[in-house]
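**Student:** Contents of start-v3.cif (mmCIF, C-alpha atoms and all ligand atoms) are below:
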```cif
data_data
#
loop_
_atom_site.group_PDB
_atom_site.id
_atom_site.type_symbol
_atom_site.label_atom_id
_atom_site.label_comp_id
_atom_site.auth_asym_id
_atom_site.auth_seq_id
_atom_site.Cartn_x
_atom_site.Cartn_y
_atom_site.Cartn_z
ATOM 1 C CA MET A 1 -56.211 -68.392 56.045
ATOM 2 C CA CYS A 2 -53.052 -66.902 54.538
ATOM 3 C CA SER A 3 -50.374 -69.113 53.020
ATOM 4 C CA THR A 4 -46.794 -68.521 54.123
ATOM 5 C CA ALA A 5 -45.883 -67.346 50.618
ATOM 6 C CA ALA A 6 -48.765 -64.882 50.519
ATOM 7 C CA LEU A 7 -47.866 -63.645 53.954
ATOM 8 C CA ALA A 8 -44.244 -63.176 52.932
ATOM 9 C CA ALA A 9 -45.307 -61.296 49.792
ATOM 10 C CA GLY A 10 -47.614 -59.144 51.861
ATOM 11 C CA LEU A 11 -44.893 -58.311 54.346
ATOM 12 C CA ALA A 12 -42.380 -57.628 51.596
ATOM 13 C CA ALA A 13 -44.721 -55.323 49.685
ATOM 14 C CA PRO A 14 -43.948 -52.077 51.530
ATOM 15 C CA ALA A 15 -40.227 -52.448 50.776
ATOM 16 C CA PHE A 16 -40.937 -52.541 47.015
ATOM 17 C CA ALA A 17 -43.759 -50.048 46.936
ATOM 18 C CA GLN A 18 -42.926 -46.816 45.145
ATOM 19 C CA ALA A 19 -42.535 -43.757 47.316
ATOM 20 C CA PRO A 20 -45.328 -41.280 46.702
ATOM 21 C CA PHE A 21 -44.433 -38.645 44.106
ATOM 22 C CA PRO A 22 -42.598 -36.378 44.690
ATOM 23 C CA ASP A 23 -40.133 -37.486 47.346
ATOM 24 C CA ARG A 24 -37.231 -35.333 46.080
ATOM 25 C CA PRO A 25 -36.704 -32.065 44.152
ATOM 26 C CA ILE A 26 -38.007 -31.742 40.607
ATOM 27 C CA SER A 27 -35.935 -30.218 37.784
ATOM 28 C CA LEU A 28 -37.726 -27.703 35.610
ATOM 29 C CA ILE A 29 -35.612 -27.440 32.457
ATOM 30 C CA VAL A 30 -35.428 -24.042 30.729
ATOM 31 C CA PRO A 31 -34.043 -24.089 27.176
ATOM 32 C CA PHE A 32 -32.426 -20.637 27.348
ATOM 33 C CA ALA A 33 -29.962 -18.813 29.557
ATOM 34 C CA ALA A 34 -30.727 -17.648 33.084
ATOM 35 C CA GLY A 35 -32.150 -14.153 33.397
ATOM 36 C CA GLY A 36 -34.007 -14.240 30.053
ATOM 37 C CA PRO A 37 -37.776 -14.214 29.501
ATOM 38 C CA THR A 38 -38.375 -17.982 29.561
ATOM 39 C CA ASP A 39 -36.243 -18.236 32.681
ATOM 40 C CA VAL A 40 -38.254 -15.412 34.290
ATOM 41 C CA VAL A 41 -41.531 -17.294 33.692
ATOM 42 C CA ALA A 42 -40.027 -20.572 34.956
ATOM 43 C CA ARG A 43 -38.732 -19.043 38.182
ATOM 44 C CA MET A 44 -42.024 -17.198 38.729
ATOM 45 C CA ILE A 45 -44.057 -20.427 38.694
ATOM 46 C CA ALA A 46 -41.439 -22.782 40.210
ATOM 47 C CA ILE A 47 -42.008 -21.462 43.735
ATOM 48 C CA PRO A 48 -45.809 -21.920 43.940
ATOM 49 C CA MET A 49 -45.550 -25.229 42.064
ATOM 50 C CA GLY A 50 -42.982 -26.423 44.601
ATOM 51 C CA LYS A 51 -45.215 -25.343 47.468
ATOM 52 C CA SER A 52 -48.163 -27.284 46.188
ATOM 53 C CA LEU A 53 -46.051 -30.370 45.357
ATOM 54 C CA GLY A 54 -44.288 -30.284 48.717
ATOM 55 C CA GLN A 55 -40.855 -30.378 47.064
ATOM 56 C CA THR A 56 -38.541 -27.767 45.587
ATOM 57 C CA VAL A 57 -38.869 -27.181 41.853
ATOM 58 C CA LEU A 58 -35.323 -26.380 40.727
ATOM 59 C CA VAL A 59 -34.908 -24.347 37.555
ATOM 60 C CA GLU A 60 -32.132 -25.737 35.362
ATOM 61 C CA ASN A 61 -30.934 -23.959 32.220
ATOM 62 C CA ALA A 62 -29.910 -26.280 29.357
ATOM 63 C CA VAL A 63 -28.983 -23.839 26.633
ATOM 64 C CA GLY A 64 -28.192 -23.775 22.935
ATOM 65 C CA ALA A 65 -29.511 -24.315 19.404
ATOM 66 C CA GLY A 66 -32.679 -22.267 19.886
ATOM 67 C CA GLY A 67 -33.986 -24.539 22.651
ATOM 68 C CA THR A 68 -33.500 -27.853 20.834
ATOM 69 C CA ILE A 69 -30.660 -29.045 23.095
ATOM 70 C CA ALA A 70 -32.925 -28.845 26.142
ATOM 71 C CA ALA A 71 -35.836 -30.490 24.329
ATOM 72 C CA THR A 72 -33.570 -33.390 23.327
ATOM 73 C CA LYS A 73 -32.347 -33.752 26.902
ATOM 74 C CA VAL A 74 -35.901 -33.854 28.240
ATOM 75 C CA ALA A 75 -37.086 -36.285 25.547
ATOM 76 C CA ARG A 76 -34.344 -38.681 26.728
ATOM 77 C CA ALA A 77 -34.825 -38.152 30.473
ATOM 78 C CA ALA A 78 -36.411 -40.749 32.760
ATOM 79 C CA PRO A 79 -40.204 -40.371 32.555
ATOM 80 C CA ASN A 80 -40.763 -40.205 36.303
ATOM 81 C CA GLY A 81 -41.928 -36.632 36.906
ATOM 82 C CA TYR A 82 -38.573 -35.465 38.248
ATOM 83 C CA THR A 83 -37.752 -33.794 34.920
ATOM 84 C CA ILE A 84 -40.261 -31.340 33.491
ATOM 85 C CA PHE A 85 -39.767 -28.763 30.761
ATOM 86 C CA ILE A 86 -40.975 -25.306 29.846
ATOM 87 C CA HIS A 87 -40.571 -24.079 26.289
ATOM 88 C CA HIS A 88 -42.190 -21.466 24.107
ATOM 89 C CA MET A 89 -43.474 -21.680 20.544
ATOM 90 C CA GLY A 90 -39.977 -22.771 19.468
ATOM 91 C CA MET A 91 -41.314 -26.262 20.166
ATOM 92 C CA ALA A 92 -43.619 -25.814 17.157
ATOM 93 C CA THR A 93 -41.127 -24.146 14.812
ATOM 94 C CA ALA A 94 -38.191 -26.522 15.433
ATOM 95 C CA PRO A 95 -39.447 -29.389 13.205
ATOM 96 C CA ALA A 96 -39.436 -27.114 10.144
ATOM 97 C CA LEU A 97 -36.305 -25.149 11.089
ATOM 98 C CA TYR A 98 -34.015 -28.046 11.924
ATOM 99 C CA LYS A 99 -33.315 -30.658 9.251
ATOM 100 C CA LYS A 100 -32.002 -33.080 11.852
ATOM 101 C CA LEU A 101 -33.999 -32.941 15.040
ATOM 102 C CA ALA A 102 -33.247 -35.506 17.754
ATOM 103 C CA PHE A 103 -36.792 -35.327 19.167
ATOM 104 C CA ASP A 104 -40.346 -35.250 17.904
ATOM 105 C CA PRO A 105 -42.545 -32.670 19.697
ATOM 106 C CA LEU A 106 -45.618 -34.799 18.991
ATOM 107 C CA LYS A 107 -44.207 -38.208 19.975
ATOM 108 C CA ASP A 108 -41.544 -37.788 22.641
ATOM 109 C CA PHE A 109 -43.409 -35.826 25.299
ATOM 110 C CA ASP A 110 -46.352 -35.900 27.613
ATOM 111 C CA TYR A 111 -48.204 -32.613 27.927
ATOM 112 C CA ILE A 112 -48.834 -30.744 31.146
ATOM 113 C CA GLY A 113 -50.456 -27.563 29.883
ATOM 114 C CA GLN A 114 -50.236 -24.155 28.290
ATOM 115 C CA VAL A 115 -48.668 -21.563 30.570
ATOM 116 C CA VAL A 116 -48.624 -17.975 29.361
ATOM 117 C CA ASP A 117 -48.767 -15.731 26.273
ATOM 118 C CA VAL A 118 -46.141 -12.988 26.155
ATOM 119 C CA PRO A 119 -45.864 -10.026 23.748
ATOM 120 C CA MET A 120 -42.538 -8.777 22.407
ATOM 121 C CA THR A 121 -40.860 -5.394 22.039
ATOM 122 C CA LEU A 122 -38.334 -4.076 19.523
ATOM 123 C CA LEU A 123 -35.408 -2.490 21.366
ATOM 124 C CA ALA A 124 -32.087 -0.787 20.755
ATOM 125 C CA ARG A 125 -29.125 0.044 22.937
ATOM 126 C CA LYS A 126 -29.708 3.299 24.802
ATOM 127 C CA ASP A 127 -27.320 5.387 22.707
ATOM 128 C CA PHE A 128 -28.447 4.071 19.323
ATOM 129 C CA PRO A 129 -28.704 7.031 16.901
ATOM 130 C CA ALA A 130 -32.392 6.478 15.897
ATOM 131 C CA ASN A 131 -35.190 7.579 18.272
ATOM 132 C CA ASN A 132 -38.274 6.091 16.648
ATOM 133 C CA LEU A 133 -39.231 3.500 14.048
ATOM 134 C CA LYS A 134 -39.060 5.962 11.133
ATOM 135 C CA GLU A 135 -35.570 7.069 12.142
ATOM 136 C CA LEU A 136 -34.560 3.444 12.653
ATOM 137 C CA GLN A 137 -35.742 2.561 9.153
ATOM 138 C CA ALA A 138 -33.823 5.513 7.691
ATOM 139 C CA TYR A 139 -30.699 4.654 9.683
ATOM 140 C CA ILE A 140 -30.749 1.037 8.524
ATOM 141 C CA LYS A 141 -31.243 2.164 4.923
ATOM 142 C CA ALA A 142 -28.229 4.453 5.166
ATOM 143 C CA ASN A 143 -26.070 1.932 7.077
ATOM 144 C CA PRO A 144 -27.208 -1.491 5.835
ATOM 145 C CA THR A 145 -24.112 -3.445 6.880
ATOM 146 C CA LYS A 146 -23.476 -1.685 10.153
ATOM 147 C CA VAL A 147 -26.485 -2.612 12.298
ATOM 148 C CA THR A 148 -26.403 -5.731 14.492
ATOM 149 C CA LEU A 149 -29.470 -7.636 15.697
ATOM 150 C CA ALA A 150 -29.188 -10.097 18.598
ATOM 151 C CA ASN A 151 -31.210 -13.283 18.924
ATOM 152 C CA ALA A 152 -31.279 -16.493 20.957
ATOM 153 C CA GLY A 153 -30.454 -18.802 18.037
ATOM 154 C CA LEU A 154 -32.365 -20.414 15.200
ATOM 155 C CA GLY A 155 -35.927 -21.082 16.301
ATOM 156 C CA ALA A 156 -35.845 -18.644 19.203
ATOM 157 C CA VAL A 157 -38.694 -16.160 19.077
ATOM 158 C CA SER A 158 -36.172 -13.310 19.012
ATOM 159 C CA HIS A 159 -34.933 -14.897 15.777
ATOM 160 C CA LEU A 160 -38.446 -15.165 14.313
ATOM 161 C CA CYS A 161 -39.383 -11.645 15.380
ATOM 162 C CA GLY A 162 -36.122 -10.370 13.860
ATOM 163 C CA LEU A 163 -36.894 -12.159 10.601
ATOM 164 C CA LEU A 164 -40.337 -10.596 10.472
ATOM 165 C CA PHE A 165 -38.805 -7.185 11.136
ATOM 166 C CA MET A 166 -36.189 -7.617 8.395
ATOM 167 C CA THR A 167 -38.852 -8.820 5.944
ATOM 168 C CA GLN A 168 -41.043 -5.779 6.653
ATOM 169 C CA LEU A 169 -37.983 -3.586 6.301
ATOM 170 C CA GLY A 170 -36.660 -5.275 3.186
ATOM 171 C CA ALA A 171 -33.182 -5.336 4.786
ATOM 172 C CA GLU A 172 -30.687 -7.933 5.998
ATOM 173 C CA LEU A 173 -29.055 -7.078 9.318
ATOM 174 C CA ASN A 174 -26.050 -8.760 10.916
ATOM 175 C CA THR A 175 -27.660 -11.221 13.286
ATOM 176 C CA ILE A 176 -25.740 -12.307 16.375
ATOM 177 C CA PRO A 177 -26.867 -15.507 18.132
ATOM 178 C CA TYR A 178 -26.719 -15.875 21.928
ATOM 179 C CA LYS A 179 -27.652 -18.705 24.294
ATOM 180 C CA GLY A 180 -30.738 -16.799 25.346
ATOM 181 C CA THR A 181 -31.894 -13.218 25.312
ATOM 182 C CA GLY A 182 -30.700 -12.849 28.932
ATOM 183 C CA PRO A 183 -27.071 -12.601 27.750
ATOM 184 C CA ALA A 184 -28.212 -10.750 24.596
ATOM 185 C CA MET A 185 -29.830 -8.128 26.837
ATOM 186 C CA ASN A 186 -26.581 -7.792 28.809
ATOM 187 C CA ASP A 187 -24.780 -6.963 25.562
ATOM 188 C CA LEU A 188 -27.526 -4.534 24.546
ATOM 189 C CA LEU A 189 -27.136 -2.780 27.903
ATOM 190 C CA GLY A 190 -23.362 -2.783 27.444
ATOM 191 C CA GLY A 191 -23.675 -1.350 23.932
ATOM 192 C CA GLN A 192 -21.996 -4.347 22.212
ATOM 193 C CA VAL A 193 -25.041 -5.063 20.043
ATOM 194 C CA ASP A 194 -27.551 -2.631 18.485
ATOM 195 C CA LEU A 195 -31.019 -4.216 18.341
ATOM 196 C CA LEU A 196 -33.035 -6.955 20.017
ATOM 197 C CA CYS A 197 -36.613 -8.174 19.767
ATOM 198 C CA ASP A 198 -37.583 -9.734 23.080
ATOM 199 C CA GLN A 199 -40.471 -10.719 25.342
ATOM 200 C CA THR A 200 -41.971 -8.275 27.823
ATOM 201 C CA THR A 201 -41.231 -10.724 30.650
ATOM 202 C CA GLN A 202 -37.688 -9.393 30.425
ATOM 203 C CA THR A 203 -38.047 -6.019 28.722
ATOM 204 C CA VAL A 204 -40.737 -4.066 30.625
ATOM 205 C CA PRO A 205 -38.488 -3.153 33.600
ATOM 206 C CA MET A 206 -35.616 -2.194 31.239
ATOM 207 C CA ILE A 207 -37.929 0.049 29.195
ATOM 208 C CA LYS A 208 -39.493 1.649 32.268
ATOM 209 C CA ASP A 209 -36.042 2.375 33.729
ATOM 210 C CA GLY A 210 -34.907 3.927 30.447
ATOM 211 C CA ARG A 211 -32.038 1.465 30.167
ATOM 212 C CA VAL A 212 -32.902 0.627 26.549
ATOM 213 C CA LYS A 213 -34.615 2.387 23.656
ATOM 214 C CA VAL A 214 -37.955 0.968 22.507
ATOM 215 C CA PHE A 215 -39.389 1.313 18.988
ATOM 216 C CA GLY A 216 -42.636 -0.563 19.370
ATOM 217 C CA VAL A 217 -44.593 -3.521 20.699
ATOM 218 C CA THR A 218 -45.471 -6.565 18.599
ATOM 219 C CA THR A 219 -49.174 -6.704 19.421
ATOM 220 C CA LEU A 220 -51.953 -5.022 17.457
ATOM 221 C CA LYS A 221 -53.069 -3.161 20.590
ATOM 222 C CA ARG A 222 -50.837 -1.144 22.927
ATOM 223 C CA LEU A 223 -49.883 -2.825 26.183
ATOM 224 C CA SER A 224 -51.262 -1.724 29.541
ATOM 225 C CA ALA A 225 -47.772 -1.906 31.085
ATOM 226 C CA LEU A 226 -46.324 0.335 28.341
ATOM 227 C CA PRO A 227 -49.201 2.627 27.315
ATOM 228 C CA ASN A 228 -46.933 5.196 25.661
ATOM 229 C CA VAL A 229 -45.140 2.725 23.444
ATOM 230 C CA PRO A 230 -46.790 2.512 20.012
ATOM 231 C CA THR A 231 -47.401 -0.784 18.255
ATOM 232 C CA LEU A 232 -45.262 -1.579 15.214
ATOM 233 C CA ASP A 233 -48.537 -2.033 13.328
ATOM 234 C CA GLU A 234 -49.764 1.500 14.072
ATOM 235 C CA GLN A 235 -46.426 2.853 12.844
ATOM 236 C CA GLY A 236 -46.884 1.329 9.407
ATOM 237 C CA MET A 237 -45.605 -2.246 9.825
ATOM 238 C CA LYS A 238 -49.079 -3.547 9.059
ATOM 239 C CA GLY A 239 -50.030 -6.850 10.663
ATOM 240 C CA PHE A 240 -46.798 -7.081 12.672
ATOM 241 C CA GLU A 241 -48.019 -9.404 15.410
ATOM 242 C CA VAL A 242 -45.995 -11.791 17.576
ATOM 243 C CA LYS A 243 -47.237 -13.179 20.862
ATOM 244 C CA VAL A 244 -45.210 -15.955 22.414
ATOM 245 C CA TRP A 245 -47.072 -18.902 23.896
ATOM 246 C CA HIS A 246 -45.353 -21.185 26.407
ATOM 247 C CA GLY A 247 -46.123 -24.779 27.362
ATOM 248 C CA MET A 248 -45.013 -27.303 29.970
ATOM 249 C CA TYR A 249 -43.987 -30.854 29.062
ATOM 250 C CA ALA A 250 -42.676 -34.103 30.567
ATOM 251 C CA PRO A 251 -40.829 -36.987 28.904
ATOM 252 C CA LYS A 252 -43.162 -39.455 27.164
ATOM 253 C CA GLY A 253 -44.245 -42.273 29.449
ATOM 254 C CA THR A 254 -44.520 -40.263 32.663
ATOM 255 C CA PRO A 255 -47.162 -42.047 34.799
ATOM 256 C CA GLN A 256 -50.608 -40.459 34.635
ATOM 257 C CA PRO A 257 -50.965 -39.919 38.430
ATOM 258 C CA VAL A 258 -47.650 -38.027 38.364
ATOM 259 C CA LEU A 259 -48.759 -35.917 35.379
ATOM 260 C CA ASP A 260 -52.022 -35.181 37.186
ATOM 261 C CA LYS A 261 -50.144 -33.898 40.245
ATOM 262 C CA VAL A 262 -47.818 -31.689 38.191
ATOM 263 C CA THR A 263 -50.737 -30.359 36.134
ATOM 264 C CA ALA A 264 -52.665 -29.480 39.304
ATOM 265 C CA ALA A 265 -49.550 -27.708 40.637
ATOM 266 C CA LEU A 266 -49.215 -25.694 37.404
ATOM 267 C CA GLN A 267 -52.918 -24.793 37.480
ATOM 268 C CA GLY A 268 -52.524 -23.663 41.089
ATOM 269 C CA ALA A 269 -49.398 -21.618 40.271
ATOM 270 C CA MET A 270 -51.209 -19.786 37.479
ATOM 271 C CA GLN A 271 -53.867 -18.729 39.993
ATOM 272 C CA ASP A 272 -51.365 -17.618 42.612
ATOM 273 C CA PRO A 273 -52.035 -13.918 43.322
ATOM 274 C CA MET A 274 -48.333 -13.000 43.094
ATOM 275 C CA VAL A 275 -47.891 -14.757 39.761
ATOM 276 C CA LYS A 276 -51.072 -13.130 38.440
ATOM 277 C CA GLN A 277 -49.921 -9.664 39.503
ATOM 278 C CA ARG A 278 -46.456 -10.090 38.018
ATOM 279 C CA LEU A 279 -47.943 -11.192 34.722
ATOM 280 C CA VAL A 280 -50.194 -8.112 34.705
ATOM 281 C CA ASP A 281 -47.131 -5.935 35.401
ATOM 282 C CA LEU A 282 -45.377 -7.531 32.436
ATOM 283 C CA SER A 283 -48.439 -7.318 30.145
ATOM 284 C CA SER A 284 -48.456 -11.098 29.782
ATOM 285 C CA ASP A 285 -51.586 -13.271 29.782
ATOM 286 C CA PRO A 286 -51.859 -16.469 31.767
ATOM 287 C CA ALA A 287 -53.248 -19.292 29.621
ATOM 288 C CA PRO A 288 -57.007 -19.745 30.120
ATOM 289 C CA MET A 289 -57.666 -22.322 32.855
ATOM 290 C CA ASP A 290 -59.242 -24.742 30.372
ATOM 291 C CA LYS A 291 -55.979 -24.796 28.367
ATOM 292 C CA ILE A 292 -53.729 -25.615 31.316
ATOM 293 C CA ASN A 293 -53.960 -29.339 30.687
ATOM 294 C CA ALA A 294 -52.615 -31.978 28.304
ATOM 295 C CA THR A 295 -55.325 -31.573 25.664
ATOM 296 C CA GLY A 296 -55.090 -27.786 25.736
ATOM 297 C CA LEU A 297 -51.358 -27.872 25.043
ATOM 298 C CA LYS A 298 -51.271 -30.766 22.577
ATOM 299 C CA THR A 299 -54.075 -29.343 20.432
ATOM 300 C CA HIS A 300 -52.373 -25.967 20.350
ATOM 301 C CA LEU A 301 -48.963 -27.469 19.561
ATOM 302 C CA GLU A 302 -50.407 -29.477 16.661
ATOM 303 C CA ALA A 303 -52.092 -26.374 15.241
ATOM 304 C CA GLU A 304 -48.908 -24.301 15.607
ATOM 305 C CA ILE A 305 -46.734 -26.947 13.923
ATOM 306 C CA ALA A 306 -49.222 -26.985 11.027
ATOM 307 C CA LYS A 307 -49.180 -23.167 10.897
ATOM 308 C CA TRP A 308 -45.419 -22.571 11.061
ATOM 309 C CA GLY A 309 -44.184 -25.482 8.921
ATOM 310 C CA PRO A 310 -45.271 -24.054 5.541
ATOM 311 C CA VAL A 311 -44.276 -20.473 6.487
ATOM 312 C CA ILE A 312 -40.748 -21.553 7.421
ATOM 313 C CA LYS A 313 -40.383 -23.851 4.403
ATOM 314 C CA LYS A 314 -41.488 -21.019 2.115
ATOM 315 C CA ALA A 315 -38.964 -18.663 3.711
ATOM 316 C CA GLY A 316 -36.256 -21.301 3.148
ATOM 317 C CA ILE A 317 -34.680 -20.918 6.599
ATOM 318 C CA TYR A 318 -33.276 -24.022 8.198
ATOM 319 C CA ALA A 319 -30.283 -25.469 10.030
ATOM 320 C CA ASP A 320 -28.418 -28.591 8.912
HETATM 321 N N1 LIG B 401 -36.410 -14.691 24.410
HETATM 322 C C1 LIG B 401 -35.706 -15.855 24.001
HETATM 323 C C2 LIG B 401 -36.063 -16.250 22.614
HETATM 324 O O1 LIG B 401 -35.748 -15.501 21.783
HETATM 325 C C3 LIG B 401 -35.679 -16.969 24.889
HETATM 326 C C4 LIG B 401 -35.115 -16.664 26.224
HETATM 327 O O2 LIG B 401 -33.950 -16.286 26.352
HETATM 328 O O3 LIG B 401 -35.871 -16.844 27.134
HETATM 329 O O4 LIG B 401 -36.600 -17.287 22.330
#
```
Show the structure stored in the file as structure tokens.
**Tutor:**
Amino acid sequence: MCSTAALAAGLAAPAFAQAPFPDRPISLIVPFAAGGPTDVVARMIAIPMGKSLGQTVLVENAVGAGGTIAATKVARAAPNGYTIFIHHMGMATAPALYKKLAFDPLKDFDYIGQVVDVPMTLLARKDFPANNLKELQAYIKANPTKVTLANAGLGAVSHLCGLLFMTQLGAELNTIPYKGTGPAMNDLLGGQVDLLCDQTTQTVPMIKDGRVKVFGVTTLKRLSALPNVPTLDEQGMKGFEVKVWHGMYAPKGTPQPVLDKVTAALQGAMQDPMVKQRLVDLSSDPAPMDKINATGLKTHLEAEIAKWGPVIKKAGIYAD
């Protein structure tokens, strides 16, 4: 027989029970400006993820400081599944690049999974005087202080790709930081800046439409979406290779059943035929299915932090 107290507790239980996750929209934080490559990936997967979760996944851009402002915001957000985060390999380079970092990539997050690997392209404004890499090298040599190179801030992959380019070239260009390569691309199209290294998730349509000049791709093999564009490696910049991996995170302490639901939604999104086709069109590779989980991302992040730390320290680049 039930006691009155037990009965009361039993009756009260539904009022205190947590609503099943998710019962409201989820924010997917993007650390760069709208319209750029990371934003493109986020918006591509937000729709199928929302469908499978039964709630809208809203993309929110929290920009600045090469992605570290967004990462800090997410690290401090309530760990309830309503804030999730997509970032690229900047998550692994930030600890070495930033002397004071308000988050720890290995302690302040739960891991949802790897997302996609995206190549980069080296571009110029359409009316830039050089027409190929050789001419670009000669132009920079003759005009060392004149050429401007856009990036999305310290730790952005456009910054790292630009550094690699300048090292191979043996030249220092005037670098101009933006809040993402979305706005940097707008200035490239408008002719306010000369050069930009950026992911194919943004650049393939611009290249195909002839709206920008392209000097090469950053992979060792040519890309299926841009078969006529040579690699930087084949043009003499030996070993020039940058491919940008992306991962999805949640604030540390997010309940496991919630993480499981979000992970399943991400896995489903990466198998969505429209997402798959768009990634093919942009010469980007979805992460292998067995890496779209917490272990797949965490293991990769640890390896990348170990890889980039010494390289960055040796190069002596950092922010205070
Ligand atoms: N492509 C940018 C970067 O350089 C990020 C972005 O705007 O999505 O990291």
**Student:** I need the output of the PyMOL selection byres (((chain A and resi 127-141) around 8) and not hetatm) for this file as an MDAnalysis selection string; which residues are they?
**Tutor:** chainID A and resid 124:126 142:144 146:147 169 171 191 194 213:216 232 235
**Student:** Quick one: apply the PyMOL selection byres (((chain A and resi 108) around 10) and not hetatm) to the file and drop the selected residues here as a PyMOL selection string.
**Tutor:** chain A and resi 71-72+74-76+102-107+109-111+249-253
**Student:** Next, the residues of the selection above should be written as a CSV table (one decimal), keeping the file's coordinate frame with C-alpha atoms.
**Tutor:**
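Contents of part05.csv, freshly written:
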```
chain,number,residue,atom,x,y,z
A,71,ALA,CA,-35.8,-30.5,24.3
A,72,THR,CA,-33.6,-33.4,23.3
A,74,VAL,CA,-35.9,-33.9,28.2
A,75,ALA,CA,-37.1,-36.3,25.5
A,76,ARG,CA,-34.3,-38.7,26.7
A,102,ALA,CA,-33.2,-35.5,17.8
A,103,PHE,CA,-36.8,-35.3,19.2
A,104,ASP,CA,-40.3,-35.2,17.9
A,105,PRO,CA,-42.5,-32.7,19.7
A,106,LEU,CA,-45.6,-34.8,19.0
A,107,LYS,CA,-44.2,-38.2,20.0
A,109,PHE,CA,-43.4,-35.8,25.3
A,110,ASP,CA,-46.4,-35.9,27.6
A,111,TYR,CA,-48.2,-32.6,27.9
A,249,TYR,CA,-44.0,-30.9,29.1
A,250,ALA,CA,-42.7,-34.1,30.6
A,251,PRO,CA,-40.8,-37.0,28.9
A,252,LYS,CA,-43.2,-39.5,27.2
A,253,GLY,CA,-44.2,-42.3,29.4
```
**Student:** Listing only residues of segment 231-308 of chain A within 12 Å of segment 31-39 of chain A, what is the closest atom pair and its distance in Å (to one decimal) for each, using only C-alpha atoms, sorted by chain and residue number ascending, as a tab-separated table?
**Tutor:**
```
residue	atom	partner	partner_atom	distance
A:Val244	CA	A:Thr38	CA	10.1
A:Trp245	CA	A:Thr38	CA	10.4
A:His246	CA	A:Thr38	CA	8.3
A:Gly247	CA	A:Thr38	CA	10.5
A:Met248	CA	A:Thr38	CA	11.5
A:Leu279	CA	A:Pro37	CA	11.8
A:Leu282	CA	A:Pro37	CA	10.5
A:Ser284	CA	A:Pro37	CA	11.1
```
**Student:** Tell me which residues the PyMOL selection byres (((not hetatm)) within 9 of (chain B and resi 401)) grabs here, as a ChimeraX atom specification.
**Tutor:** /A:30-41,66-67,87-90,120,151-161,178-184,197-199,201-202,244
**Student:** Restricting the calculation to only C-alpha atoms: of A:Val212, A:Leu173, A:Met274, A:Met44, which residue gets closest to Asn186 of chain A?
**Tutor:** A:Val212
**Student:** If you count only C-alpha atoms, which residues fall within 9 Å of segment 49-61 of chain A, apart from same-chain ones fewer than 3 positions away, as a list of chain:residue names?
**Tutor:**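 Neighbouring residues, sequence-local ones excluded: A:Phe21, A:Pro22, A:Asp23, A:Arg24, A:Pro25, A:Ile26, A:Ser27, A:Leu28, A:Ile29, A:Val30, A:Pro31, A:Phe32, A:Ala33, A:Ala34, A:Asp39, A:Ala42, A:Arg43, A:Ile45, A:Ala46, A:Ala70, A:Lys261, A:Val262, A:Ala264, A:Ala265, A:Leu266, A:Gln267, A:Gly268, A:Ala269.
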**Student:** Please determine, counting all atoms listed in the file, which residue among A:Gly309, A:Gly113, A:Gly239, A:Pro227 has the shortest atom-to-atom distance to Val204 of chain A.
**Tutor:**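 For Val204 of chain A, the nearest of the candidates is A:Pro227.
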**Student:** Quick one, how far is atom CA of Thr218 of chain A from atom CA of Glu241 of chain A?
**Tutor:** 5.0 Å
**Student:** I'd like the interatomic distance between atom CA of Met270 of chain A and atom CA of Pro286 of chain A, to a tenth of an Å.
**Tutor:** 6.6 Å
**Student:** Give me, please, the distance in Å between atom CA of Gln192 of chain A and atom CA of Thr148 of chain A, quoted to one decimal.
**Tutor:**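 Atom CA of Thr148 of chain A lies 9.0 Å from atom CA of Gln192 of chain A.
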**Student:** Which residues, written as number ranges by chain, have at least one atom at most 12 Å from Lys99 of chain A, with all atoms listed in the file counted and residues fewer than 2 positions away on the same chain left out?
**Tutor:** A: 68, 93-97, 101-103, 154, 312-313, 316-320
**Student:** Deliver the residues from the most recent selection as a file, using C-alpha atoms, as a PDB file, in the coordinates of the input.
**Tutor:**
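What ended up in result_19.pdb:
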```
ATOM      1  CA  THR A  68     -33.500 -27.853  20.834  1.00  0.00           C
ATOM      2  CA  THR A  93     -41.127 -24.146  14.812  1.00  0.00           C
ATOM      3  CA  ALA A  94     -38.191 -26.522  15.433  1.00  0.00           C
ATOM      4  CA  PRO A  95     -39.447 -29.389  13.205  1.00  0.00           C
ATOM      5  CA  ALA A  96     -39.436 -27.114  10.144  1.00  0.00           C
ATOM      6  CA  LEU A  97     -36.305 -25.149  11.089  1.00  0.00           C
ATOM      7  CA  LEU A 101     -33.999 -32.941  15.040  1.00  0.00           C
ATOM      8  CA  ALA A 102     -33.247 -35.506  17.754  1.00  0.00           C
ATOM      9  CA  PHE A 103     -36.792 -35.327  19.167  1.00  0.00           C
ATOM     10  CA  LEU A 154     -32.365 -20.414  15.200  1.00  0.00           C
ATOM     11  CA  ILE A 312     -40.748 -21.553   7.421  1.00  0.00           C
ATOM     12  CA  LYS A 313     -40.383 -23.851   4.403  1.00  0.00           C
ATOM     13  CA  GLY A 316     -36.256 -21.301   3.148  1.00  0.00           C
ATOM     14  CA  ILE A 317     -34.680 -20.918   6.599  1.00  0.00           C
ATOM     15  CA  TYR A 318     -33.276 -24.022   8.198  1.00  0.00           C
ATOM     16  CA  ALA A 319     -30.283 -25.469  10.030  1.00  0.00           C
ATOM     17  CA  ASP A 320     -28.418 -28.591   8.912  1.00  0.00           C
TER      18      ASP A 320
END
```
**Student:** Output, as lines of an AutoDock Vina configuration file, the centre and edge lengths in Å (one decimal) of the axis-aligned box that contains all listed atoms of segment 294-300 of chain A with 3 Å of margin on each side.
**Tutor:**
```
center_x = -53.3
center_y = -29.0
center_z = 24.3
size_x = 10.1
size_y = 12.0
size_z = 14.0
```
